[in-house]
Structure formats: C-alpha cells, structure tokens
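Heads up: the structure comes next, in structure tokens.
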Amino acid sequence: MAESSGLTLTQLLPKLVTTSQTLARPPISNFRVAAIGLSHSGRVFVGVNLEFPGLPLNHSVHAEQFLLTNLSLNAEPNLQSFAVSAAPCGHCRQFLQELRGAPDIQILICSEPDPKFTPLSRFLPHRFGPHDLLPKHAPLLLEPHNNGLTLRQEDESRSNGGDICNGHVIDDAKLRVAALEAANKSHAPYSDSPSGVALVDSRGKVYKGSYVESAAFNPSLGPVQAAVVAFVAGGGGEYGEIVGAVLVEKDGAAVKQEQTARLILHSISPNCYFKTFLCYSKP
C-alpha cells in the first residue's frame, strides 16, 4: 500500500489514522482515538475507541484493545508496528504485553511534532507480563488457542424454540455454536475462565468475541466488548440493531461474565435477547 501510494510507512499510517478516527464511538469523552496496525504478513488493521453511556468507564474499549481483537478475529498471529493518534495510555501499554515479542513492537504517535517509530520497551521499560506468570511456551494472545471446551449435555440440547426480539426470530442454537467457538479461542490463562459471546444483528449476521485476559488483570477485555468490536469492525450500524446474544462460559469458573454481559447488553440494546450456556473442559 505504501509503495503504490508513493509514501513511506511513516507518511502513510498517520493518514490512515486520521481517516479511521471517524469510526470511533466515544459519546462520553468525544475524544476519538484510532490505531492502525501492520502485521508481519503486511496486512493492515484498524482499531478505534468505544464508550458506552450509562456504564462505568472501565467497560470502555481502547483503540489498541480494538486493534488486537481485530487481529485475532482475522487469525493474524502477530503485530509488527502501529500508528496511533495519541500516546498509548498505561492500560494499553500493559495490554500489549500479552503479545510475544511485545517490547519490539514499533509505535508511531501521530500527535508528536516529528513522529518516529519507537519500540514499546521505551514506553514500558520495567514491564510485568505473561513471562512473570506463565510457562515459557504457553500460547500468548494472537497465537492459536484451543481450550478444549464442550457444552454441558443439558445445555447442548436446550433450545429457545425461536424467541422473537423486535420482530426477529433468534436461533440460539446457531449462536451457541459460535459462542463456544469463541470461548475455545479465549485467552484466559490467569484465571482458567475462558468465555465467548456471539451476537446477531437484525440482518442475521453473527459476530463473535473471545474473552482476553491481561497478566495485570484490570486491562482484560470482556467477551461482550470483543464481540462488539467484531460488530463495529464488520460494518455494524447502531447498537440497537443487535437483537440476540449468547454467552458461553465455563461451569464453576473463577471469573464469571454473565452479570456483566447482561449489564452491557441491556445498556447498548435494551431489547436484545440474551442467554447463557455453560461448558466444561473435555478430559
């Protein structure tokens, strides 16, 4: 892309950042943040910030979190560099530590007078991350995960019989399968509480999101927010167009998502159908 435009990467990425800021949804702060990431394969991905009125601010999605979720949704295993409209906050500097080789990720801050690529290690020199808590070869964020989960037999056979939300019939069997797939890809090594959410909009399009944990706990990203990232990245419109949602989480998990998921969905799409199904690890 840079070659065809006649621009260097340092010149091109800020232009993409400026254009992408229009995709942000920050109704509380009105501060639009965009991050444009480049993978080792040469593919370019976008991330923007999302805020949800009526909810505590910690439910917001930061642009860098959106970016990494977008990479994961597209099965991209790494991030080489990214440009961002404003310097990453401490929350995002920590969230980025979940990637292998995090210190070497190059960051371009577009708001600087003379932007230059700078390694993440300069922004967080004394880092705490997966290397402090996990075995050396444990899969990290963006790397393949298979949590070996299956639905409980009673949940596998449950059916809503075709509930209707805003005139749309919700097939929770289809959503159940998608949410289980997301749970199996969930990065939750610190609590062993993987979970996933599947949303369906009024056009019948399904969006999946996997729970992502951070070694520092607080920057973790819930499965509903991850699915909302998929919705926004996939061209979804107003949140009210989300008519159905299913959460799959581990039976007896130390970290439970159901009440938080219900809270967020009720806030962004009050009439949305919602159901939780439990799963367990296959022996």
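Letters A, B, ... mark the chains of the structure tokens in the order given; residue numbers begin at 1 per chain; ligand numbers begin at 1, in order shown.
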Show me, as a Markdown table, the residues of segment 196-251 of chain A having an atom within 12 Å of segment 99-116 of chain A, each with the closest atom pair and its distance in Å, using only C-alpha atoms.
```
| residue | atom | partner | partner_atom | distance |
| --- | --- | --- | --- | --- |
| A:Val212 | CA | A:Leu99 | CA | 11.6 |
| A:Glu213 | CA | A:Leu99 | CA | 11.6 |
| A:Ser214 | CA | A:Leu99 | CA | 10.2 |
| A:Ala215 | CA | A:Leu99 | CA | 11.1 |
```
Please provide the set of residues having any atom within 8 Å of Phe52 of chain A, restricted to only C-alpha atoms, with same-chain residues fewer than 2 positions apart removed, written as a PDB file with N, CA, C and O atoms, in the first residue's frame.
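This is the output file part.pdb:
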```
ATOM      1  N   PRO A  26     -17.007   7.461  20.815  1.00  0.00           N
ATOM      2  CA  PRO A  26     -16.753   7.906  22.186  1.00  0.00           C
ATOM      3  C   PRO A  26     -17.769   8.955  22.661  1.00  0.00           C
ATOM      4  O   PRO A  26     -17.426  10.140  22.825  1.00  0.00           O
ATOM      5  N   PRO A  27     -19.032   8.575  22.898  1.00  0.00           N
ATOM      6  CA  PRO A  27     -20.056   9.574  23.230  1.00  0.00           C
ATOM      7  C   PRO A  27     -19.864  10.237  24.585  1.00  0.00           C
ATOM      8  O   PRO A  27     -20.517  11.244  24.863  1.00  0.00           O
ATOM      9  N   ILE A  28     -18.992   9.695  25.435  1.00  0.00           N
ATOM     10  CA  ILE A  28     -18.765  10.313  26.747  1.00  0.00           C
ATOM     11  C   ILE A  28     -17.649  11.349  26.679  1.00  0.00           C
ATOM     12  O   ILE A  28     -17.823  12.505  27.059  1.00  0.00           O
ATOM     13  N   LEU A  50     -14.186   2.763  21.900  1.00  0.00           N
ATOM     14  CA  LEU A  50     -15.630   2.642  22.062  1.00  0.00           C
ATOM     15  C   LEU A  50     -15.988   2.952  23.504  1.00  0.00           C
ATOM     16  O   LEU A  50     -15.349   2.445  24.427  1.00  0.00           O
ATOM     17  N   GLY A  54     -23.893   5.361  30.287  1.00  0.00           N
ATOM     18  CA  GLY A  54     -24.658   4.685  31.323  1.00  0.00           C
ATOM     19  C   GLY A  54     -23.902   3.573  32.015  1.00  0.00           C
ATOM     20  O   GLY A  54     -24.395   3.001  32.993  1.00  0.00           O
ATOM     21  N   LEU A  55     -22.707   3.256  31.511  1.00  0.00           N
ATOM     22  CA  LEU A  55     -21.904   2.201  32.117  1.00  0.00           C
ATOM     23  C   LEU A  55     -20.637   2.790  32.731  1.00  0.00           C
ATOM     24  O   LEU A  55     -20.165   3.843  32.290  1.00  0.00           O
ATOM     25  N   LEU A  57     -16.802   3.587  33.307  1.00  0.00           N
ATOM     26  CA  LEU A  57     -15.810   3.827  32.262  1.00  0.00           C
ATOM     27  C   LEU A  57     -14.913   2.618  32.004  1.00  0.00           C
ATOM     28  O   LEU A  57     -14.371   2.473  30.903  1.00  0.00           O
ATOM     29  N   HIS A  59     -15.673  -0.228  31.341  1.00  0.00           N
ATOM     30  CA  HIS A  59     -16.228  -1.091  30.293  1.00  0.00           C
ATOM     31  C   HIS A  59     -15.867  -0.597  28.893  1.00  0.00           C
ATOM     32  O   HIS A  59     -16.191  -1.268  27.906  1.00  0.00           O
ATOM     33  N   SER A  60     -15.216   0.545  28.802  1.00  0.00           N
ATOM     34  CA  SER A  60     -14.821   1.093  27.501  1.00  0.00           C
ATOM     35  C   SER A  60     -13.802   0.191  26.813  1.00  0.00           C
ATOM     36  O   SER A  60     -13.098  -0.583  27.464  1.00  0.00           O
ATOM     37  N   SER A 267     -27.643  -2.087  28.358  1.00  0.00           N
ATOM     38  CA  SER A 267     -27.326  -0.672  28.163  1.00  0.00           C
ATOM     39  C   SER A 267     -27.294  -0.290  26.688  1.00  0.00           C
ATOM     40  O   SER A 267     -27.812   0.755  26.298  1.00  0.00           O
ATOM     41  N   ILE A 268     -26.691  -1.133  25.837  1.00  0.00           N
ATOM     42  CA  ILE A 268     -26.500  -0.748  24.435  1.00  0.00           C
ATOM     43  C   ILE A 268     -27.652  -1.181  23.529  1.00  0.00           C
ATOM     44  O   ILE A 268     -27.904  -0.567  22.492  1.00  0.00           O
TER      45      ILE A 268
END
```
Within 9 Å of segment 6-23 of chain A, counting only C-alpha atoms, which residues show up once you throw out same-chain ones fewer than 2 positions away? Write them as a PyMOL selection string, please.
chain A and resi 1-4+25+32-37+46-49+82-85+108-110+115-117+232-233
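Nearest to Pro223 of chain A of all the residues A:Leu151, A:Leu68, A:Ala182, A:Val169 is A:Ala182, based on only C-alpha atoms.
Counting from atom CA of Tyr207 of chain A, the distance to atom CA of Glu241 of chain A is 12.3 Å.
With distances restricted to only C-alpha atoms, A:Ser186 is the closest residue to His145 of chain A from A:Asn271, A:Ser72, A:Ser186, A:Gln259.
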Got a sec to tell me which of segment 96-126 of chain A DSSP assigns to alpha helix (DSSP H), as a VMD selection string?
chain A and resid 120 to 123
Using only C-alpha atoms, pick whichever of A:Val44, A:Ala24, A:Cys89, A:Asn74 has the shortest atom-to-atom distance to Pro219 of chain A.
A:Cys89
Could you go through segment 73-272 of chain A and tell me which residues DSSP, when run on the backbone, assigns to strand (DSSP E), listing them as a PyMOL selection string?
chain A and resi 81-84+106-109+118-119+149-151+163-165+168-170+195-201+206-210+242-250
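Counting from atom CA of Ala138 of chain A, the distance to atom CA of Phe95 of chain A is 16.9 Å.
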Using only C-alpha atoms, which of the listed residues (A:Thr276, A:Ala254, A:Pro135, A:Lys205) sits closest to Leu180 of chain A?
A:Thr276
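Ranking A:Gln94, A:Ser81, A:Thr69, A:Asn30 by their shortest atom-to-atom distance to Val224 of chain A, with only C-alpha atoms included, puts A:Thr69 first.
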